[in-house]
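A.B. asks: The following file, final-v6.cif, comprises mmCIF, C-alpha atoms, pLDDT in the B column; chains and numbers go by the auth columns:
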```
data_target
#
loop_
_atom_site.group_PDB
_atom_site.id
_atom_site.type_symbol
_atom_site.label_atom_id
_atom_site.label_comp_id
_atom_site.label_asym_id
_atom_site.label_seq_id
_atom_site.Cartn_x
_atom_site.Cartn_y
_atom_site.Cartn_z
_atom_site.B_iso_or_equiv
_atom_site.auth_seq_id
_atom_site.auth_asym_id
ATOM 1 C CA MET A 1 -18.829 -16.060 27.726 83.00 245 A
ATOM 2 C CA ARG A 2 -20.762 -17.858 25.007 87.00 246 A
ATOM 3 C CA THR A 3 -23.171 -14.936 24.754 87.00 247 A
ATOM 4 C CA ALA A 4 -20.281 -12.501 24.347 89.00 248 A
ATOM 5 C CA VAL A 5 -18.643 -14.629 21.661 92.00 249 A
ATOM 6 C CA VAL A 6 -21.826 -15.123 19.645 93.00 250 A
ATOM 7 C CA CYS A 7 -22.851 -11.452 19.809 91.00 251 A
ATOM 8 C CA GLY A 8 -19.294 -10.188 19.302 92.00 252 A
ATOM 9 C CA VAL A 9 -18.529 -12.358 16.296 94.00 253 A
ATOM 10 C CA SER A 10 -21.925 -11.543 14.774 95.00 254 A
ATOM 11 C CA ALA A 11 -21.342 -7.791 15.125 94.00 255 A
ATOM 12 C CA GLY A 12 -17.782 -8.110 13.785 94.00 256 A
ATOM 13 C CA LEU A 13 -18.998 -10.035 10.741 95.00 257 A
ATOM 14 C CA LEU A 14 -21.669 -7.396 10.195 95.00 258 A
ATOM 15 C CA CYS A 15 -18.942 -4.726 10.183 93.00 259 A
ATOM 16 C CA ILE A 16 -16.946 -6.718 7.627 94.00 260 A
ATOM 17 C CA ALA A 17 -20.060 -7.152 5.503 95.00 261 A
ATOM 18 C CA TRP A 18 -20.597 -3.376 5.570 94.00 262 A
ATOM 19 C CA VAL A 19 -17.059 -2.727 4.289 93.00 263 A
ATOM 20 C CA LEU A 20 -17.525 -5.329 1.547 94.00 264 A
ATOM 21 C CA PHE A 21 -20.886 -3.777 0.624 95.00 265 A
ATOM 22 C CA LEU A 22 -19.264 -0.347 0.315 93.00 266 A
ATOM 23 C CA HIS A 23 -16.512 -1.766 -1.875 92.00 267 A
ATOM 24 C CA VAL A 24 -18.876 -3.693 -4.152 93.00 268 A
ATOM 25 C CA THR A 25 -21.170 -0.686 -4.622 93.00 269 A
ATOM 26 C CA GLY A 26 -18.262 1.529 -5.665 89.00 270 A
ATOM 27 C CA ASN A 27 -18.084 3.610 -2.482 89.00 271 A
ATOM 28 C CA ASN A 28 -14.904 4.328 -0.551 87.00 272 A
ATOM 29 C CA PRO A 29 -14.659 1.428 1.949 89.00 273 A
ATOM 30 C CA TYR A 30 -12.208 3.412 4.095 87.00 274 A
ATOM 31 C CA GLY A 31 -14.094 6.710 3.993 83.00 275 A
ATOM 32 C CA PRO A 32 -16.707 8.382 6.134 85.00 276 A
ATOM 33 C CA LYS A 33 -19.445 5.865 5.262 88.00 277 A
ATOM 34 C CA ARG A 34 -17.436 3.169 7.050 87.00 278 A
ATOM 35 C CA THR A 35 -18.119 4.940 10.334 86.00 279 A
ATOM 36 C CA LEU A 36 -21.770 3.891 10.150 89.00 280 A
ATOM 37 C CA SER A 37 -20.647 0.446 11.255 89.00 281 A
ATOM 38 C CA GLN A 38 -19.217 1.795 14.522 89.00 282 A
ATOM 39 C CA PHE A 39 -22.566 1.335 16.191 90.00 283 A
ATOM 40 C CA PHE A 40 -22.775 -2.414 15.510 93.00 284 A
ATOM 41 C CA PRO A 41 -20.414 -3.435 18.371 92.00 285 A
ATOM 42 C CA ALA A 42 -22.070 -1.010 20.780 90.00 286 A
ATOM 43 C CA ILE A 43 -25.525 -2.346 19.955 91.00 287 A
ATOM 44 C CA ALA A 44 -24.221 -5.913 20.211 92.00 288 A
ATOM 45 C CA ALA A 45 -22.813 -5.166 23.687 91.00 289 A
ATOM 46 C CA VAL A 46 -26.212 -4.019 24.938 89.00 290 A
ATOM 47 C CA VAL A 47 -27.983 -6.928 23.197 90.00 291 A
ATOM 48 C CA SER A 48 -25.624 -9.392 24.883 90.00 292 A
ATOM 49 C CA GLN A 49 -26.436 -7.818 28.241 87.00 293 A
ATOM 50 C CA VAL A 50 -30.158 -8.167 27.544 86.00 294 A
ATOM 51 C CA LEU A 51 -29.670 -11.819 26.578 87.00 295 A
ATOM 52 C CA LEU A 52 -27.598 -12.427 29.698 85.00 296 A
ATOM 53 C CA ARG A 53 -30.359 -10.941 31.840 82.00 297 A
ATOM 54 C CA ARG A 54 -32.784 -13.511 30.438 81.00 298 A
ATOM 55 C CA TYR A 55 -30.562 -16.360 31.686 81.00 299 A
ATOM 56 C CA TYR A 56 -30.836 -15.277 35.335 77.00 300 A
ATOM 57 C CA THR A 57 -34.136 -15.014 37.198 71.00 301 A
ATOM 58 C CA ASN A 58 -32.817 -12.487 39.761 75.00 302 A
ATOM 59 C CA GLY A 59 -30.565 -10.671 37.292 70.00 303 A
ATOM 60 C CA PRO A 60 -26.928 -11.386 36.455 76.00 304 A
ATOM 61 C CA GLY A 61 -25.431 -8.802 38.786 76.00 305 A
ATOM 62 C CA LEU A 62 -23.333 -5.785 37.932 77.00 306 A
ATOM 63 C CA TRP A 63 -20.006 -7.484 37.235 81.00 307 A
ATOM 64 C CA LYS A 64 -21.392 -10.217 34.992 84.00 308 A
ATOM 65 C CA SER A 65 -23.446 -7.699 33.059 84.00 309 A
ATOM 66 C CA LEU A 66 -20.496 -5.330 32.630 85.00 310 A
ATOM 67 C CA GLY A 67 -18.186 -8.221 31.775 86.00 311 A
ATOM 68 C CA VAL A 68 -20.363 -9.610 29.012 89.00 312 A
ATOM 69 C CA GLY A 69 -20.864 -6.145 27.493 88.00 313 A
ATOM 70 C CA ILE A 70 -17.165 -5.275 27.511 91.00 314 A
ATOM 71 C CA ALA A 71 -16.194 -8.728 26.226 92.00 315 A
ATOM 72 C CA THR A 72 -18.718 -8.410 23.398 93.00 316 A
ATOM 73 C CA ALA A 73 -17.335 -4.993 22.460 92.00 317 A
ATOM 74 C CA GLY A 74 -13.779 -6.332 22.498 93.00 318 A
ATOM 75 C CA ILE A 75 -14.531 -9.437 20.473 95.00 319 A
ATOM 76 C CA SER A 76 -16.501 -7.524 17.854 95.00 320 A
ATOM 77 C CA ALA A 77 -13.764 -4.879 17.598 94.00 321 A
ATOM 78 C CA VAL A 78 -11.102 -7.559 17.089 95.00 322 A
ATOM 79 C CA VAL A 79 -13.137 -9.382 14.426 95.00 323 A
ATOM 80 C CA ALA A 80 -13.897 -6.111 12.601 94.00 324 A
ATOM 81 C CA ALA A 81 -10.250 -4.997 12.731 94.00 325 A
ATOM 82 C CA LEU A 82 -9.011 -8.360 11.441 95.00 326 A
ATOM 83 C CA GLY A 83 -11.589 -8.214 8.671 94.00 327 A
ATOM 84 C CA LEU A 84 -10.570 -4.714 7.603 93.00 328 A
ATOM 85 C CA TYR A 85 -6.891 -5.662 7.732 94.00 329 A
ATOM 86 C CA THR A 86 -7.520 -8.716 5.557 94.00 330 A
ATOM 87 C CA PHE A 87 -9.651 -6.648 3.180 93.00 331 A
ATOM 88 C CA ALA A 88 -6.906 -4.035 2.854 91.00 332 A
ATOM 89 C CA ARG A 89 -4.285 -6.711 2.178 92.00 333 A
ATOM 90 C CA VAL A 90 -6.410 -8.512 -0.415 93.00 334 A
ATOM 91 C CA THR A 91 -7.540 -5.422 -2.352 91.00 335 A
ATOM 92 C CA GLY A 92 -4.049 -3.941 -2.473 87.00 336 A
ATOM 93 C CA PRO A 93 -2.849 -0.347 -2.359 88.00 337 A
ATOM 94 C CA GLU A 94 -5.153 1.145 -5.034 89.00 338 A
ATOM 95 C CA PRO A 95 -8.245 1.662 -2.803 87.00 339 A
ATOM 96 C CA ILE A 96 -6.026 3.110 -0.064 87.00 340 A
ATOM 97 C CA ALA A 97 -4.428 5.521 -2.526 87.00 341 A
ATOM 98 C CA SER A 98 -7.815 6.692 -3.791 87.00 342 A
ATOM 99 C CA HIS A 99 -8.999 7.075 -0.198 85.00 343 A
ATOM 100 C CA LEU A 100 -5.983 9.223 0.648 86.00 344 A
ATOM 101 C CA ALA A 101 -6.596 11.404 -2.412 87.00 345 A
ATOM 102 C CA GLU A 102 -10.248 11.839 -1.414 86.00 346 A
ATOM 103 C CA MET A 103 -9.352 12.712 2.191 84.00 347 A
ATOM 104 C CA ARG A 104 -6.708 15.210 1.087 86.00 348 A
ATOM 105 C CA GLN A 105 -9.304 16.854 -1.153 87.00 349 A
ATOM 106 C CA LEU A 106 -11.808 17.039 1.721 84.00 350 A
ATOM 107 C CA LEU A 107 -9.158 18.565 3.976 82.00 351 A
ATOM 108 C CA ALA A 108 -8.184 21.062 1.285 82.00 352 A
ATOM 109 C CA ASN A 109 -11.825 22.114 0.992 84.00 353 A
ATOM 110 C CA ALA A 110 -12.015 22.618 4.776 78.00 354 A
ATOM 111 C CA LYS A 111 -8.679 24.404 5.008 79.00 355 A
ATOM 112 C CA ASP A 112 -10.276 27.824 5.503 80.00 356 A
ATOM 113 C CA MET A 113 -12.295 26.553 8.475 80.00 357 A
ATOM 114 C CA TYR A 114 -9.147 25.194 10.092 77.00 358 A
ATOM 115 C CA PHE A 115 -7.226 28.427 9.645 79.00 359 A
ATOM 116 C CA LYS A 116 -9.984 30.526 11.243 80.00 360 A
ATOM 117 C CA GLU A 117 -9.504 28.719 14.576 78.00 361 A
ATOM 118 C CA ALA A 118 -6.726 29.200 17.088 81.00 362 A
ATOM 119 C CA ASN A 119 -3.928 26.729 16.308 81.00 363 A
ATOM 120 C CA GLY A 120 -5.812 25.868 13.126 78.00 364 A
ATOM 121 C CA LYS A 121 -2.715 25.445 11.025 79.00 365 A
ATOM 122 C CA GLN A 122 -1.269 22.912 13.482 82.00 366 A
ATOM 123 C CA GLN A 123 -4.597 21.043 13.618 81.00 367 A
ATOM 124 C CA TYR A 124 -4.793 20.939 9.833 79.00 368 A
ATOM 125 C CA GLU A 125 -1.247 19.624 9.506 81.00 369 A
ATOM 126 C CA ALA A 126 -1.791 17.051 12.288 81.00 370 A
ATOM 127 C CA THR A 127 -4.986 15.812 10.647 77.00 371 A
ATOM 128 C CA LEU A 128 -3.239 15.512 7.295 80.00 372 A
ATOM 129 C CA ARG A 129 -0.257 13.757 8.875 81.00 373 A
ATOM 130 C CA ASN A 130 -2.420 11.307 10.895 78.00 374 A
ATOM 131 C CA LEU A 131 -4.366 9.881 7.957 78.00 375 A
ATOM 132 C CA ALA A 132 -4.102 6.090 7.942 79.00 376 A
ATOM 133 C CA ARG A 133 -1.898 4.910 5.098 80.00 377 A
ATOM 134 C CA THR A 134 -1.328 1.201 5.777 86.00 378 A
ATOM 135 C CA PRO A 135 -3.569 -1.809 6.439 89.00 379 A
ATOM 136 C CA GLU A 136 -2.177 -1.936 9.978 89.00 380 A
ATOM 137 C CA ALA A 137 -3.160 1.686 10.613 88.00 381 A
ATOM 138 C CA PHE A 138 -6.680 1.077 9.301 87.00 382 A
ATOM 139 C CA ALA A 139 -7.056 -2.016 11.506 90.00 383 A
ATOM 140 C CA GLN A 140 -5.808 -0.130 14.559 90.00 384 A
ATOM 141 C CA ASP A 141 -8.212 2.726 13.872 88.00 385 A
ATOM 142 C CA GLU A 142 -11.073 0.283 13.361 89.00 386 A
ATOM 143 C CA PHE A 143 -10.331 -1.537 16.615 93.00 387 A
ATOM 144 C CA LEU A 144 -9.966 1.583 18.743 92.00 388 A
ATOM 145 C CA LYS A 145 -13.093 3.329 17.512 90.00 389 A
ATOM 146 C CA LYS A 146 -15.312 0.281 17.768 91.00 390 A
ATOM 147 C CA PHE A 147 -14.000 -0.841 21.146 92.00 391 A
ATOM 148 C CA VAL A 148 -14.198 2.588 22.756 92.00 392 A
ATOM 149 C CA LEU A 149 -17.784 3.188 21.649 90.00 393 A
ATOM 150 C CA GLY A 150 -18.801 -0.337 22.660 88.00 394 A
ATOM 151 C CA PHE A 151 -17.076 0.054 26.033 89.00 395 A
ATOM 152 C CA ILE A 152 -18.758 3.388 26.694 90.00 396 A
ATOM 153 C CA LEU A 153 -22.228 2.016 25.956 87.00 397 A
ATOM 154 C CA ALA A 154 -21.593 -1.257 27.801 86.00 398 A
ATOM 155 C CA ILE A 155 -21.174 0.567 31.117 85.00 399 A
ATOM 156 C CA PRO A 156 -24.641 2.141 31.360 84.00 400 A
ATOM 157 C CA GLY A 157 -26.122 -0.957 29.757 78.00 401 A
ATOM 158 C CA GLY A 158 -24.535 -3.124 32.451 75.00 402 A
ATOM 159 C CA VAL A 159 -25.734 -0.843 35.203 80.00 403 A
ATOM 160 C CA PHE A 160 -29.332 -0.724 33.993 77.00 404 A
ATOM 161 C CA LEU A 161 -29.550 -4.395 33.010 71.00 405 A
ATOM 162 C CA ARG A 162 -27.932 -5.870 36.104 68.00 406 A
ATOM 163 C CA LYS A 163 -31.182 -6.741 37.850 67.00 407 A
#
```
Turn this file's structure into structure tokens for me.
C.D. replies:
Amino acid sequence: MRTAVVCGVSAGLLCIAWVLFLHVTGNNPYGPKRTLSQFFPAIAAVVSQVLLRRYYTNGPGLWKSLGVGIATAGISAVVAALGLYTFARVTGPEPIASHLAEMRQLLANAKDMYFKEANGKQQYEATLRNLARTPEAFAQDEFLKKFVLGFILAIPGGVFLRK
């Protein structure tokens, strides 16, 4: 459990640092560049499994290896989501409003591509309607994306690093 906590908190803090870096450099901290930090929890899950394997001479076994990877992904996703929520609360509604304007502009530019597809109009409207508008929605999005990717990579990592 200690390995999962150390790796998970480290990856979560790295995700928070990435959002702060984007904000300080004048980039949109809620935009597409934020998605580059989605790989931090997944990498941390595999790293925690490698570290766990070093503790055991005959290997940790499948369940311990899977458990530490999934726990690392969960802990890092929670820390990153709490960090983004706190960031959104502290910076106020102005960065969120500029993010929404930028995303609406990007969707307007891609409107023709949506309308060429079957059910394109419904997809376009659903995408526009599902844009995160509150700190809670950003935190939920952050948690889900980071946890799912970390969970998906923790499974093969646990299988290959079990022994």
A.B. asks: Counting only C-alpha atoms, which of A:Asn272, A:Ile399, A:Leu372, A:Arg298 gets nearest to Ala341 in chain A?
C.D. replies: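 Closest to Ala341 in chain A, using only C-alpha atoms: A:Asn272.
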A.B. asks: Which neighbours of range 384-396 of chain A fall inside 9 Å, counting only C-alpha atoms, when residues of the same chain fewer than 5 positions from it are skipped, and could you give them as a PyMOL selection string?
C.D. replies: chain A and resi 279+281-290+313-326+328-329+376+379
A.B. asks: With C-alpha atoms retained, export the selected residues as a PDB file, keeping the file's coordinate frame.
C.D. replies:
```pdb
ATOM      1  CA  THR A 279     -18.119   4.940  10.334  1.00 86.00           C
ATOM      2  CA  SER A 281     -20.647   0.446  11.255  1.00 89.00           C
ATOM      3  CA  GLN A 282     -19.217   1.795  14.522  1.00 89.00           C
ATOM      4  CA  PHE A 283     -22.566   1.335  16.191  1.00 90.00           C
ATOM      5  CA  PHE A 284     -22.775  -2.414  15.510  1.00 93.00           C
ATOM      6  CA  PRO A 285     -20.414  -3.435  18.371  1.00 92.00           C
ATOM      7  CA  ALA A 286     -22.070  -1.010  20.780  1.00 90.00           C
ATOM      8  CA  ILE A 287     -25.525  -2.346  19.955  1.00 91.00           C
ATOM      9  CA  ALA A 288     -24.221  -5.913  20.211  1.00 92.00           C
ATOM     10  CA  ALA A 289     -22.813  -5.166  23.687  1.00 91.00           C
ATOM     11  CA  VAL A 290     -26.212  -4.019  24.938  1.00 89.00           C
ATOM     12  CA  GLY A 313     -20.864  -6.145  27.493  1.00 88.00           C
ATOM     13  CA  ILE A 314     -17.165  -5.275  27.511  1.00 91.00           C
ATOM     14  CA  ALA A 315     -16.194  -8.728  26.226  1.00 92.00           C
ATOM     15  CA  THR A 316     -18.718  -8.410  23.398  1.00 93.00           C
ATOM     16  CA  ALA A 317     -17.335  -4.993  22.460  1.00 92.00           C
ATOM     17  CA  GLY A 318     -13.779  -6.332  22.498  1.00 93.00           C
ATOM     18  CA  ILE A 319     -14.531  -9.437  20.473  1.00 95.00           C
ATOM     19  CA  SER A 320     -16.501  -7.524  17.854  1.00 95.00           C
ATOM     20  CA  ALA A 321     -13.764  -4.879  17.598  1.00 94.00           C
ATOM     21  CA  VAL A 322     -11.102  -7.559  17.089  1.00 95.00           C
ATOM     22  CA  VAL A 323     -13.137  -9.382  14.426  1.00 95.00           C
ATOM     23  CA  ALA A 324     -13.897  -6.111  12.601  1.00 94.00           C
ATOM     24  CA  ALA A 325     -10.250  -4.997  12.731  1.00 94.00           C
ATOM     25  CA  LEU A 326      -9.011  -8.360  11.441  1.00 95.00           C
ATOM     26  CA  LEU A 328     -10.570  -4.714   7.603  1.00 93.00           C
ATOM     27  CA  TYR A 329      -6.891  -5.662   7.732  1.00 94.00           C
ATOM     28  CA  ALA A 376      -4.102   6.090   7.942  1.00 79.00           C
ATOM     29  CA  PRO A 379      -3.569  -1.809   6.439  1.00 89.00           C
TER      30      PRO A 379
END
```
A.B. asks: When you draw a straight line from CA of Ser309 in chain A to CA of Val291 in chain A, how long is it in Å?
C.D. replies: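 Between CA of Ser309 in chain A and CA of Val291 in chain A the gap works out to 10.9 Å.
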A.B. asks: Given the file shown, determine the residues that the PyMOL selection byres ((chain A and resi 296) around 10) selects; report them as number ranges by chain.
C.D. replies: A: 245-248, 290-295, 297-300, 303-304, 308-309, 312-313, 405-406
A.B. asks: Output, as lines of an AutoDock Vina configuration file, the centre and edge lengths in Å (one decimal) of the axis-aligned box that contains all listed atoms of range 345-356 of chain A with 8 Å of margin on each side.
C.D. replies:
```
center_x = -9.3
center_y = 19.6
center_z = 1.5
size_x = 21.4
size_y = 32.4
size_z = 23.9
```
A.B. asks: Smallest atom-to-atom distance to Arg278 in chain A: which of A:Thr378, A:Leu266, A:Gly401, A:Asp356, using only C-alpha atoms?
C.D. replies: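 Result for the nearest residue to Arg278 in chain A: A:Leu266.
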A.B. asks: Give the answer as one residue: which of A:Phe382, A:Arg373, A:Ala354, A:Lys365 has the shortest atom-to-atom distance to Gly275 in chain A, using all atoms listed in the file?
C.D. replies: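 Checking each candidate against Gly275 in chain A, we get A:Phe382 as the closest.
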A.B. asks: When you draw a straight line from CA of Leu280 in chain A to CA of Leu397 in chain A, how long is it in Å?
C.D. replies: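 Result for CA of Leu280 in chain A versus CA of Leu397 in chain A: 15.9 Å, one decimal.
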A.B. asks: Using all atoms listed in the file, which protein or nucleic acid residues come within 10 Å of Leu351 in chain A? Drop anything in the same chain fewer than 6 positions from it, and give the result as a list in words.
C.D. replies: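 My list of contacting residues is Ala345, Met357, Tyr358, Tyr368, Glu369, Thr371 and Leu372 of chain A.
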A.B. asks: What is the CA of Trp262 in chain A-CA of Tyr274 in chain A distance in Å, reported with one decimal?
C.D. replies: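 These two atoms are separated by 10.9 Å.
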A.B. asks: Just add N, CA and C atoms to range 307-321 of chain A and send it as a PDB file, keeping the file's coordinate frame.
C.D. replies:
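So the final result, stored in rebuild-v4.pdb, reads:
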```pdb
ATOM      1  N   TRP A 307     -21.277  -7.100  37.844  1.00 81.00           N
ATOM      2  CA  TRP A 307     -20.006  -7.484  37.235  1.00 81.00           C
ATOM      3  C   TRP A 307     -20.185  -8.420  36.048  1.00 81.00           C
ATOM      4  N   LYS A 308     -21.137  -9.330  36.138  1.00 84.00           N
ATOM      5  CA  LYS A 308     -21.392 -10.217  34.992  1.00 84.00           C
ATOM      6  C   LYS A 308     -21.954  -9.427  33.826  1.00 84.00           C
ATOM      7  N   SER A 309     -22.845  -8.496  34.125  1.00 84.00           N
ATOM      8  CA  SER A 309     -23.446  -7.699  33.059  1.00 84.00           C
ATOM      9  C   SER A 309     -22.405  -6.802  32.391  1.00 84.00           C
ATOM     10  N   LEU A 310     -21.573  -6.149  33.204  1.00 85.00           N
ATOM     11  CA  LEU A 310     -20.496  -5.330  32.630  1.00 85.00           C
ATOM     12  C   LEU A 310     -19.504  -6.195  31.857  1.00 85.00           C
ATOM     13  N   GLY A 311     -19.164  -7.339  32.415  1.00 86.00           N
ATOM     14  CA  GLY A 311     -18.186  -8.221  31.775  1.00 86.00           C
ATOM     15  C   GLY A 311     -18.629  -8.701  30.410  1.00 86.00           C
ATOM     16  N   VAL A 312     -19.889  -9.118  30.305  1.00 89.00           N
ATOM     17  CA  VAL A 312     -20.363  -9.610  29.012  1.00 89.00           C
ATOM     18  C   VAL A 312     -20.438  -8.474  27.995  1.00 89.00           C
ATOM     19  N   GLY A 313     -20.802  -7.275  28.420  1.00 88.00           N
ATOM     20  CA  GLY A 313     -20.864  -6.145  27.493  1.00 88.00           C
ATOM     21  C   GLY A 313     -19.489  -5.740  26.987  1.00 88.00           C
ATOM     22  N   ILE A 314     -18.527  -5.662  27.901  1.00 91.00           N
ATOM     23  CA  ILE A 314     -17.165  -5.275  27.511  1.00 91.00           C
ATOM     24  C   ILE A 314     -16.516  -6.376  26.671  1.00 91.00           C
ATOM     25  N   ALA A 315     -16.745  -7.624  27.028  1.00 92.00           N
ATOM     26  CA  ALA A 315     -16.194  -8.728  26.226  1.00 92.00           C
ATOM     27  C   ALA A 315     -16.791  -8.730  24.824  1.00 92.00           C
ATOM     28  N   THR A 316     -18.079  -8.471  24.719  1.00 93.00           N
ATOM     29  CA  THR A 316     -18.718  -8.410  23.398  1.00 93.00           C
ATOM     30  C   THR A 316     -18.117  -7.286  22.563  1.00 93.00           C
ATOM     31  N   ALA A 317     -17.935  -6.119  23.183  1.00 92.00           N
ATOM     32  CA  ALA A 317     -17.335  -4.993  22.460  1.00 92.00           C
ATOM     33  C   ALA A 317     -15.922  -5.322  22.001  1.00 92.00           C
ATOM     34  N   GLY A 318     -15.147  -5.969  22.860  1.00 93.00           N
ATOM     35  CA  GLY A 318     -13.779  -6.332  22.498  1.00 93.00           C
ATOM     36  C   GLY A 318     -13.708  -7.365  21.387  1.00 93.00           C
ATOM     37  N   ILE A 319     -14.530  -8.382  21.495  1.00 95.00           N
ATOM     38  CA  ILE A 319     -14.531  -9.437  20.473  1.00 95.00           C
ATOM     39  C   ILE A 319     -14.978  -8.886  19.127  1.00 95.00           C
ATOM     40  N   SER A 320     -16.026  -8.075  19.126  1.00 95.00           N
ATOM     41  CA  SER A 320     -16.501  -7.524  17.854  1.00 95.00           C
ATOM     42  C   SER A 320     -15.484  -6.556  17.259  1.00 95.00           C
ATOM     43  N   ALA A 321     -14.786  -5.796  18.103  1.00 94.00           N
ATOM     44  CA  ALA A 321     -13.764  -4.879  17.598  1.00 94.00           C
ATOM     45  C   ALA A 321     -12.589  -5.646  16.993  1.00 94.00           C
TER      46      ALA A 321
END
```
